[in-house]
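Note sheet for the following structure.
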Amino acid sequence: MSLECRYDKTAGQLVLAGELTIYRVAEAQAAMAAHAGAFLNLAEIEELDGAGLQLLLAGRRDLALRPGPTSPAVQAVMELAGVADWTV
Amino acid sequence: MDIGHLLETYLLESRELLEEMERALLEMDSSGTSAEGVNAVFRAAHTIKGSGGLFGLDDLVAFTHEVETVLDMVRHGQRELDSALIGLLLRCRDHIGVLVEASVVDPKIPDALMAQSHDLQALLHGEGNRPKTEESGRLHDDTWHISLRCGRDLFRDGLDPVGLLRYLGTLGELAHVAVLPDSIPPFAELDPKSCYLGFEIDLRTDYDKAEIEDAFEFVRASSLIKLLPPKRTPGEWAELIDSLPEDDVKLGDILVRSGAMTRAELSMALGIQGASRQAQPLGQIIEALGAAPKEAVAAALDKQSRQEKAKSDQYVRVEAAKLDVLVNLVGELVIANTVSALRAKQCGDGALQEAIKASGRFVEQIRDAALGLRMVQIGGAFNRFQRLVRDLAQELGKQVELTITGGDTELDKSVVDRIGDPLTHMVRNALDHGLEPPDARLAAGKPAAGKLRLDAYHESGGIVIEVSDDGRGLNRDKILAKSLERGLIQSAEGMSDADIYQLIFEPGFSTADQITNVSGRGVGMDAVKRTIEELRGTVEIDSRPGQGSAIRLRLPLTLAIIDGFLVASGKSRFIIPLELVEECVELHDIGERDYLDLRGEVLPFLRLRELFGIEGIAPSRQIVVVTSYAGKKVGLLTDQLLGELQTVIKPLGELFAPLKWISGCTVLDVGEVGLILDVPALVAKVERRENRVGAYAAA
């Protein structure tokens, strides 16, 4: 599985799709750094692990990335890890 | 009894207490409320009020009483100390300061100040009626509490904390999980394959300790894991909080929110750690804890004894003028001893020379001790910037993290007193012009909060004070344009970046597009430079576009005495500050050149004879004293070396003000005067010469 990062200019959204895991965090980090302040659309994420979660938390804190829609896989991890405030 | 004298003491004490109060408030503002902090603020207000009562300063007492009342409510948990209240209390603190100064002159406070008192009181009460938010009760004490701080290599080892949580979920019910993102480094510096996550977990399960621990078998080696069984005591909480890397109060808040412990338990647990300034609190705490584990009590005892020790450091308050007299006398003693030593040498009496040498050693020690008395830590001057930065950042709508290092660096009190204003100006400039607003920073890929640093450290016999930021840096083109417009320079030809940055020190220079309240009125940087030069120091700028800038002040440790190196040119005697002397080189047949080959290095030199118009014929054998300042070497060509001496700097009179290259003079022998060379100025002169030559060479 791979990770796809695309920026939707009209919606001001950074869409991450596929696998946000330790194998793909470097790509995700570069994409996020290039779009500080954007909405993060995670509706197409199929797999999220601790490394991905850590990157998301750091991005929200330091790049003012705003939580957008999430997929069930993302919601499950957020709930498990006690991230209660990842809401649109 | 001399009331005037006592009032003076009261004034000084109050200033110190107010400083302490400010420090405690700011600390709580940045890192959360602590029992210790609230107590410190309360104690300060209480002492000022109490002593004020003794002097019959009724208006001051009345106002301070109101503040104390509010603080007492905070202390007893009836009122929450939030950011707004801290801001208000800071204003009250300032007002108390004004009242103290005014009432020492006249106990009856002027009406204008009274009106301010009333306004602040109204604010204190207006907010005071708001009840504290409802206590959050404990949701579960039948759970195991697990604190997990992941090891850096967890991901690389193929492990995933999320998977671990899933597994824990299979052992029972995850009553609550909180993730701690605080240890994750700033996004730009984050290595996403290193793990910085931490979790506070409450697990309801029937398994026993060993079985739960099994879940952590693979991460145990690299990670920090703490297990607390159900039905915990505050003592155990205290121990846990103490053993974890996070800030105590913040972590405590997370635990309360997770429902694992109550607010009351938390304050009790934190009480052990901090609030031990009153007379006999420890007994009470132990009593309150009931079955507190031995180790927790031992830890508390240890902390308390450390605090006692800090308190027992005693001071004697001495008037600064008395110290000045002492230092002056020591200065004269040093001169007198130097004269005696020279005389003894001339008359060739060996025993007398020995005796004078012996007394000389003591004179040297007395000198060091006397100067040491005037040495103060620069931390005091640095600390007030916490407040300044907080207020300014708010006013400008910027986020700033202030880091201070080297606060324990010592330098002469008179120097510390005089750099206050220049430092303030530099900090204001950095905040106003240097750091960008949060949105601009984010757009530039930096964290929203700007970094501002104040550093002090020793370097080659002097002290360096540095104000640096990670903002936009100096704008070379803008400075150039403005300087041309103002006629400060005719053209930019042959100017290095460093030269251009120096232009901001020209009188009447300011590039702020927008004149703000804070800076940008075009006064200041020239005043900064003037003050520093008066202190025999220099100012240096480093700047990188988009990455930030740093301004470095280099200052001498003391203004009164220097260790010097005595040289002669013709009949004139010159003194070079010893800490700037690197070595001496003999030269024959100098000819017309201005450079010499120093072990393969090109060393420019200046002729003292030429510089000071000394007449007569130079000897064929001359000596170059190699001096070094701020990383640059310059040679000084002299006729003769006369040796080391220590000497008292006497300022030159107004009449000699136009004399460049000389920073002061001293009495060498009866009737003989030595001139102290201003090495930084000489180095700068050579540098200008170099640049000119460089420009010609380039053209």
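Identifiers in the structure tokens: chain A, B, ... in order shown; residue index from 1 per chain; ligand index from 1 in order shown.
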
Produce a table with one row for each residue of chain B that has an atom at most 10 Å from any atom of chain A, each row naming the nearest atom pair and its distance in Å at one decimal; use only C-alpha atoms; arrange rows by chain and rising residue number; format as JSON lines.
```
{"residue": "B:Leu154", "atom": "CA", "partner": "A:Ala51", "partner_atom": "CA", "distance": 9.7}
{"residue": "B:Phe155", "atom": "CA", "partner": "A:Ile22", "partner_atom": "CA", "distance": 7.0}
{"residue": "B:Arg156", "atom": "CA", "partner": "A:Ile22", "partner_atom": "CA", "distance": 8.5}
{"residue": "B:Gly158", "atom": "CA", "partner": "A:Ile22", "partner_atom": "CA", "distance": 9.1}
{"residue": "B:Leu159", "atom": "CA", "partner": "A:Gly50", "partner_atom": "CA", "distance": 9.0}
{"residue": "B:Asp160", "atom": "CA", "partner": "A:Gly50", "partner_atom": "CA", "distance": 5.6}
{"residue": "B:Pro161", "atom": "CA", "partner": "A:Gly50", "partner_atom": "CA", "distance": 5.8}
{"residue": "B:Val162", "atom": "CA", "partner": "A:Gly50", "partner_atom": "CA", "distance": 5.4}
{"residue": "B:Gly163", "atom": "CA", "partner": "A:Asp49", "partner_atom": "CA", "distance": 7.9}
{"residue": "B:Leu164", "atom": "CA", "partner": "A:Gly50", "partner_atom": "CA", "distance": 9.9}
{"residue": "B:Leu165", "atom": "CA", "partner": "A:Leu80", "partner_atom": "CA", "distance": 6.8}
{"residue": "B:Arg166", "atom": "CA", "partner": "A:Leu80", "partner_atom": "CA", "distance": 7.3}
{"residue": "B:Gly169", "atom": "CA", "partner": "A:Leu80", "partner_atom": "CA", "distance": 8.7}
{"residue": "B:Leu174", "atom": "CA", "partner": "A:Leu80", "partner_atom": "CA", "distance": 8.4}
{"residue": "B:His176", "atom": "CA", "partner": "A:Gly82", "partner_atom": "CA", "distance": 7.1}
{"residue": "B:Val177", "atom": "CA", "partner": "A:Gly82", "partner_atom": "CA", "distance": 4.6}
{"residue": "B:Ala178", "atom": "CA", "partner": "A:Gly82", "partner_atom": "CA", "distance": 4.6}
{"residue": "B:Val179", "atom": "CA", "partner": "A:Gly82", "partner_atom": "CA", "distance": 5.8}
{"residue": "B:Leu180", "atom": "CA", "partner": "A:Val83", "partner_atom": "CA", "distance": 9.4}
{"residue": "B:Pro181", "atom": "CA", "partner": "A:Leu57", "partner_atom": "CA", "distance": 6.7}
{"residue": "B:Asp182", "atom": "CA", "partner": "A:Ala58", "partner_atom": "CA", "distance": 9.0}
{"residue": "B:Ser183", "atom": "CA", "partner": "A:Ala58", "partner_atom": "CA", "distance": 9.8}
{"residue": "B:Ile184", "atom": "CA", "partner": "A:Ala58", "partner_atom": "CA", "distance": 6.6}
{"residue": "B:Pro185", "atom": "CA", "partner": "A:Ala58", "partner_atom": "CA", "distance": 7.8}
{"residue": "B:Pro186", "atom": "CA", "partner": "A:Asp62", "partner_atom": "CA", "distance": 6.4}
{"residue": "B:Phe187", "atom": "CA", "partner": "A:Ala58", "partner_atom": "CA", "distance": 5.7}
{"residue": "B:Ala188", "atom": "CA", "partner": "A:Ala33", "partner_atom": "CA", "distance": 7.5}
{"residue": "B:Leu190", "atom": "CA", "partner": "A:Ala58", "partner_atom": "CA", "distance": 8.3}
{"residue": "B:Asp191", "atom": "CA", "partner": "A:Ala26", "partner_atom": "CA", "distance": 8.3}
{"residue": "B:Pro192", "atom": "CA", "partner": "A:Val25", "partner_atom": "CA", "distance": 6.1}
{"residue": "B:Lys193", "atom": "CA", "partner": "A:Ile22", "partner_atom": "CA", "distance": 6.2}
{"residue": "B:Ser194", "atom": "CA", "partner": "A:Ala51", "partner_atom": "CA", "distance": 7.9}
{"residue": "B:Cys195", "atom": "CA", "partner": "A:Ala51", "partner_atom": "CA", "distance": 6.8}
{"residue": "B:Tyr196", "atom": "CA", "partner": "A:Gln54", "partner_atom": "CA", "distance": 7.6}
{"residue": "B:Leu197", "atom": "CA", "partner": "A:Gln54", "partner_atom": "CA", "distance": 6.8}
{"residue": "B:Gly198", "atom": "CA", "partner": "A:Ala81", "partner_atom": "CA", "distance": 9.9}
{"residue": "B:Phe199", "atom": "CA", "partner": "A:Ala81", "partner_atom": "CA", "distance": 7.8}
{"residue": "B:Glu200", "atom": "CA", "partner": "A:Gly82", "partner_atom": "CA", "distance": 9.1}
{"residue": "B:Ile201", "atom": "CA", "partner": "A:Gly82", "partner_atom": "CA", "distance": 8.9}
{"residue": "B:Ser258", "atom": "CA", "partner": "A:Gly82", "partner_atom": "CA", "distance": 9.7}
{"residue": "B:Pro438", "atom": "CA", "partner": "A:Ala64", "partner_atom": "CA", "distance": 9.9}
{"residue": "B:Asp439", "atom": "CA", "partner": "A:Gly37", "partner_atom": "CA", "distance": 8.7}
{"residue": "B:Arg441", "atom": "CA", "partner": "A:Leu63", "partner_atom": "CA", "distance": 9.6}
{"residue": "B:Leu442", "atom": "CA", "partner": "A:Leu63", "partner_atom": "CA", "distance": 6.2}
{"residue": "B:Ala443", "atom": "CA", "partner": "A:Ala36", "partner_atom": "CA", "distance": 6.7}
{"residue": "B:Ala444", "atom": "CA", "partner": "A:Ala36", "partner_atom": "CA", "distance": 9.0}
{"residue": "B:Gly445", "atom": "CA", "partner": "A:Ala33", "partner_atom": "CA", "distance": 6.8}
{"residue": "B:Lys446", "atom": "CA", "partner": "A:Leu63", "partner_atom": "CA", "distance": 7.9}
{"residue": "B:Pro447", "atom": "CA", "partner": "A:Asp62", "partner_atom": "CA", "distance": 5.2}
{"residue": "B:Ala448", "atom": "CA", "partner": "A:Asp62", "partner_atom": "CA", "distance": 6.6}
{"residue": "B:Ala449", "atom": "CA", "partner": "A:Asp62", "partner_atom": "CA", "distance": 8.7}
```

Which polymer residues have any atom within 7 Å of an atom of segment 617-622 of chain B, counting only C-alpha atoms, with same-chain residues fewer than 3 positions away left out, as an mmCIF file with N, CA and C atoms, in the first residue's frame?
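Result file selection11.cif:
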```cif
data_model
loop_
_atom_site.group_PDB
_atom_site.id
_atom_site.type_symbol
_atom_site.label_atom_id
_atom_site.label_comp_id
_atom_site.auth_asym_id
_atom_site.auth_seq_id
_atom_site.Cartn_x
_atom_site.Cartn_y
_atom_site.Cartn_z
ATOM 1 N N GLU B 586 59.845 40.448 17.437
ATOM 2 C CA GLU B 586 60.873 41.451 17.163
ATOM 3 C C GLU B 586 60.980 41.664 15.662
ATOM 4 N N LEU B 587 61.173 42.908 15.226
ATOM 5 C CA LEU B 587 61.280 43.208 13.799
ATOM 6 C C LEU B 587 62.533 44.012 13.514
ATOM 7 N N HIS B 588 63.286 43.652 12.475
ATOM 8 C CA HIS B 588 64.415 44.465 12.020
ATOM 9 C C HIS B 588 64.057 45.058 10.674
ATOM 10 N N ASP B 589 64.636 46.214 10.332
ATOM 11 C CA ASP B 589 64.450 46.820 9.016
ATOM 12 C C ASP B 589 62.982 46.801 8.577
ATOM 13 N N LEU B 637 53.309 48.477 16.660
ATOM 14 C CA LEU B 637 54.759 48.596 16.569
ATOM 15 C C LEU B 637 55.269 49.568 17.639
ATOM 16 N N THR B 638 56.125 49.080 18.522
ATOM 17 C CA THR B 638 56.634 49.908 19.619
ATOM 18 C C THR B 638 58.160 49.836 19.650
ATOM 19 N N ASP B 639 58.782 50.745 20.453
ATOM 20 C CA ASP B 639 60.245 50.747 20.566
ATOM 21 C C ASP B 639 60.729 49.727 21.585
#
```

Using DSSP secondary structure from the backbone, list all strand (DSSP E) positions within chain A, as a PyMOL selection string. chain A and resi 3-8+13-20+39-48+66-70

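You will find atom CA of Arg75 of chain B at 26.3 Å from atom CA of Pro245 of chain B.
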
Show me, as an MDAnalysis selection string, the residues that have an atom within 7 Å of segment 400-412 of chain B when counting only C-alpha atoms, minus same-chain residues fewer than 4 positions from it. chainID B and resid 374:379 382 393 416 449:457 557:558

Suppose we keep N, CA and C atoms; can you now write the selection as a PDB file, in the first residue's frame?
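Contents of result.pdb, as written:
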```
ATOM      1  N   ARG B 374      31.703  44.135  44.270  1.00  0.00           N
ATOM      2  CA  ARG B 374      30.827  44.881  43.362  1.00  0.00           C
ATOM      3  C   ARG B 374      30.231  44.012  42.276  1.00  0.00           C
ATOM      4  N   MET B 375      30.696  42.772  42.220  1.00  0.00           N
ATOM      5  CA  MET B 375      30.190  41.894  41.169  1.00  0.00           C
ATOM      6  C   MET B 375      28.789  41.415  41.505  1.00  0.00           C
ATOM      7  N   VAL B 376      27.902  41.543  40.576  1.00  0.00           N
ATOM      8  CA  VAL B 376      26.556  41.005  40.792  1.00  0.00           C
ATOM      9  C   VAL B 376      26.203  40.109  39.609  1.00  0.00           C
ATOM     10  N   GLN B 377      25.287  39.190  39.849  1.00  0.00           N
ATOM     11  CA  GLN B 377      24.854  38.325  38.759  1.00  0.00           C
ATOM     12  C   GLN B 377      23.946  39.105  37.829  1.00  0.00           C
ATOM     13  N   ILE B 378      24.103  38.827  36.556  1.00  0.00           N
ATOM     14  CA  ILE B 378      23.322  39.585  35.586  1.00  0.00           C
ATOM     15  C   ILE B 378      21.876  39.103  35.533  1.00  0.00           C
ATOM     16  N   GLY B 379      21.626  37.944  36.162  1.00  0.00           N
ATOM     17  CA  GLY B 379      20.284  37.361  36.167  1.00  0.00           C
ATOM     18  C   GLY B 379      19.213  38.344  36.600  1.00  0.00           C
ATOM     19  N   PHE B 382      18.300  40.395  33.822  1.00  0.00           N
ATOM     20  CA  PHE B 382      17.634  39.616  32.782  1.00  0.00           C
ATOM     21  C   PHE B 382      16.176  39.333  33.128  1.00  0.00           C
ATOM     22  N   ALA B 393       4.615  41.108  23.793  1.00  0.00           N
ATOM     23  CA  ALA B 393       4.121  40.098  22.866  1.00  0.00           C
ATOM     24  C   ALA B 393       2.608  40.213  22.760  1.00  0.00           C
ATOM     25  N   VAL B 416      26.206  46.577  35.073  1.00  0.00           N
ATOM     26  CA  VAL B 416      24.849  46.025  35.021  1.00  0.00           C
ATOM     27  C   VAL B 416      23.811  47.144  35.042  1.00  0.00           C
ATOM     28  N   ALA B 449       5.288  30.296  17.360  1.00  0.00           N
ATOM     29  CA  ALA B 449       5.905  31.062  18.439  1.00  0.00           C
ATOM     30  C   ALA B 449       7.360  31.357  18.098  1.00  0.00           C
ATOM     31  N   GLY B 450       7.732  32.627  18.149  1.00  0.00           N
ATOM     32  CA  GLY B 450       9.113  33.015  17.878  1.00  0.00           C
ATOM     33  C   GLY B 450      10.011  32.726  19.061  1.00  0.00           C
ATOM     34  N   LYS B 451      11.277  32.563  18.778  1.00  0.00           N
ATOM     35  CA  LYS B 451      12.229  32.305  19.865  1.00  0.00           C
ATOM     36  C   LYS B 451      13.074  33.550  20.088  1.00  0.00           C
ATOM     37  N   LEU B 452      13.153  33.941  21.346  1.00  0.00           N
ATOM     38  CA  LEU B 452      14.000  35.065  21.714  1.00  0.00           C
ATOM     39  C   LEU B 452      14.955  34.570  22.786  1.00  0.00           C
ATOM     40  N   ARG B 453      16.242  34.851  22.611  1.00  0.00           N
ATOM     41  CA  ARG B 453      17.224  34.362  23.591  1.00  0.00           C
ATOM     42  C   ARG B 453      18.007  35.510  24.189  1.00  0.00           C
ATOM     43  N   LEU B 454      18.250  35.396  25.484  1.00  0.00           N
ATOM     44  CA  LEU B 454      19.169  36.305  26.167  1.00  0.00           C
ATOM     45  C   LEU B 454      20.269  35.436  26.737  1.00  0.00           C
ATOM     46  N   ASP B 455      21.505  35.644  26.299  1.00  0.00           N
ATOM     47  CA  ASP B 455      22.599  34.822  26.790  1.00  0.00           C
ATOM     48  C   ASP B 455      23.706  35.709  27.324  1.00  0.00           C
ATOM     49  N   ALA B 456      24.340  35.235  28.366  1.00  0.00           N
ATOM     50  CA  ALA B 456      25.519  35.929  28.883  1.00  0.00           C
ATOM     51  C   ALA B 456      26.606  34.897  29.097  1.00  0.00           C
ATOM     52  N   TYR B 457      27.837  35.219  28.698  1.00  0.00           N
ATOM     53  CA  TYR B 457      28.944  34.307  28.951  1.00  0.00           C
ATOM     54  C   TYR B 457      30.274  35.066  28.938  1.00  0.00           C
ATOM     55  N   LEU B 557      34.893  43.335  32.276  1.00  0.00           N
ATOM     56  CA  LEU B 557      34.327  42.878  33.549  1.00  0.00           C
ATOM     57  C   LEU B 557      34.209  44.015  34.545  1.00  0.00           C
ATOM     58  N   THR B 558      35.170  44.891  34.541  1.00  0.00           N
ATOM     59  CA  THR B 558      35.131  45.981  35.497  1.00  0.00           C
ATOM     60  C   THR B 558      35.673  47.239  34.858  1.00  0.00           C
TER      61      THR B 558
END
```

Between atom CA of Met21 of chain B and atom CA of Leu120 of chain B, what is the distance, to one decimal in Å? 17.3 Å

Close residues, Arg390 of chain B itself excluded, 12 Å, only C-alpha atoms, min 6 positions apart in chain, as a list in words: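 In the requested form, the answer reads Glu22, Arg23, Leu25, Leu26, Glu27, Asp29, Ser30, Ser83, Ile86, Gly87, Leu90, Asn383, Arg384, Leu396, Gly397, Lys398, Gln399, Val400, Glu401, Leu402, Val427, Arg428, Leu431 and Leu452 of chain B.
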
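When only C-alpha atoms are used to compute distances to Ser569 of chain B, the closest of the residues B:Leu641, B:Ala238, B:Cys150, B:Ala122 turns out to be B:Leu641.
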
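Of the residues listed (B:Pro422, B:Asp247, B:Leu240, B:Trp144), B:Asp247 shows the shortest atom-to-atom separation from Gly32 of chain B; distances use only C-alpha atoms.
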
Contacts of Val602 of chain B within 12 Å, only C-alpha atoms, excl. fewer than 6 positions in-chain, as an MDAnalysis selection string: chainID B and resid 593:596 626 632:635 690

Using atom CA of Gly252 of chain B and atom CA of Ile146 of chain B as the two end points, give the distance in Å to one decimal.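 Going from atom CA of Gly252 of chain B over to atom CA of Ile146 of chain B, I get 14.0 Å.
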
Given only C-alpha atoms as the basis, pick out the residue of A:Ala31, A:Ile45, A:Cys5, A:Val74 nearest to Glu19 of chain A.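 Closest to Glu19 of chain A of all the choices is A:Ile45.
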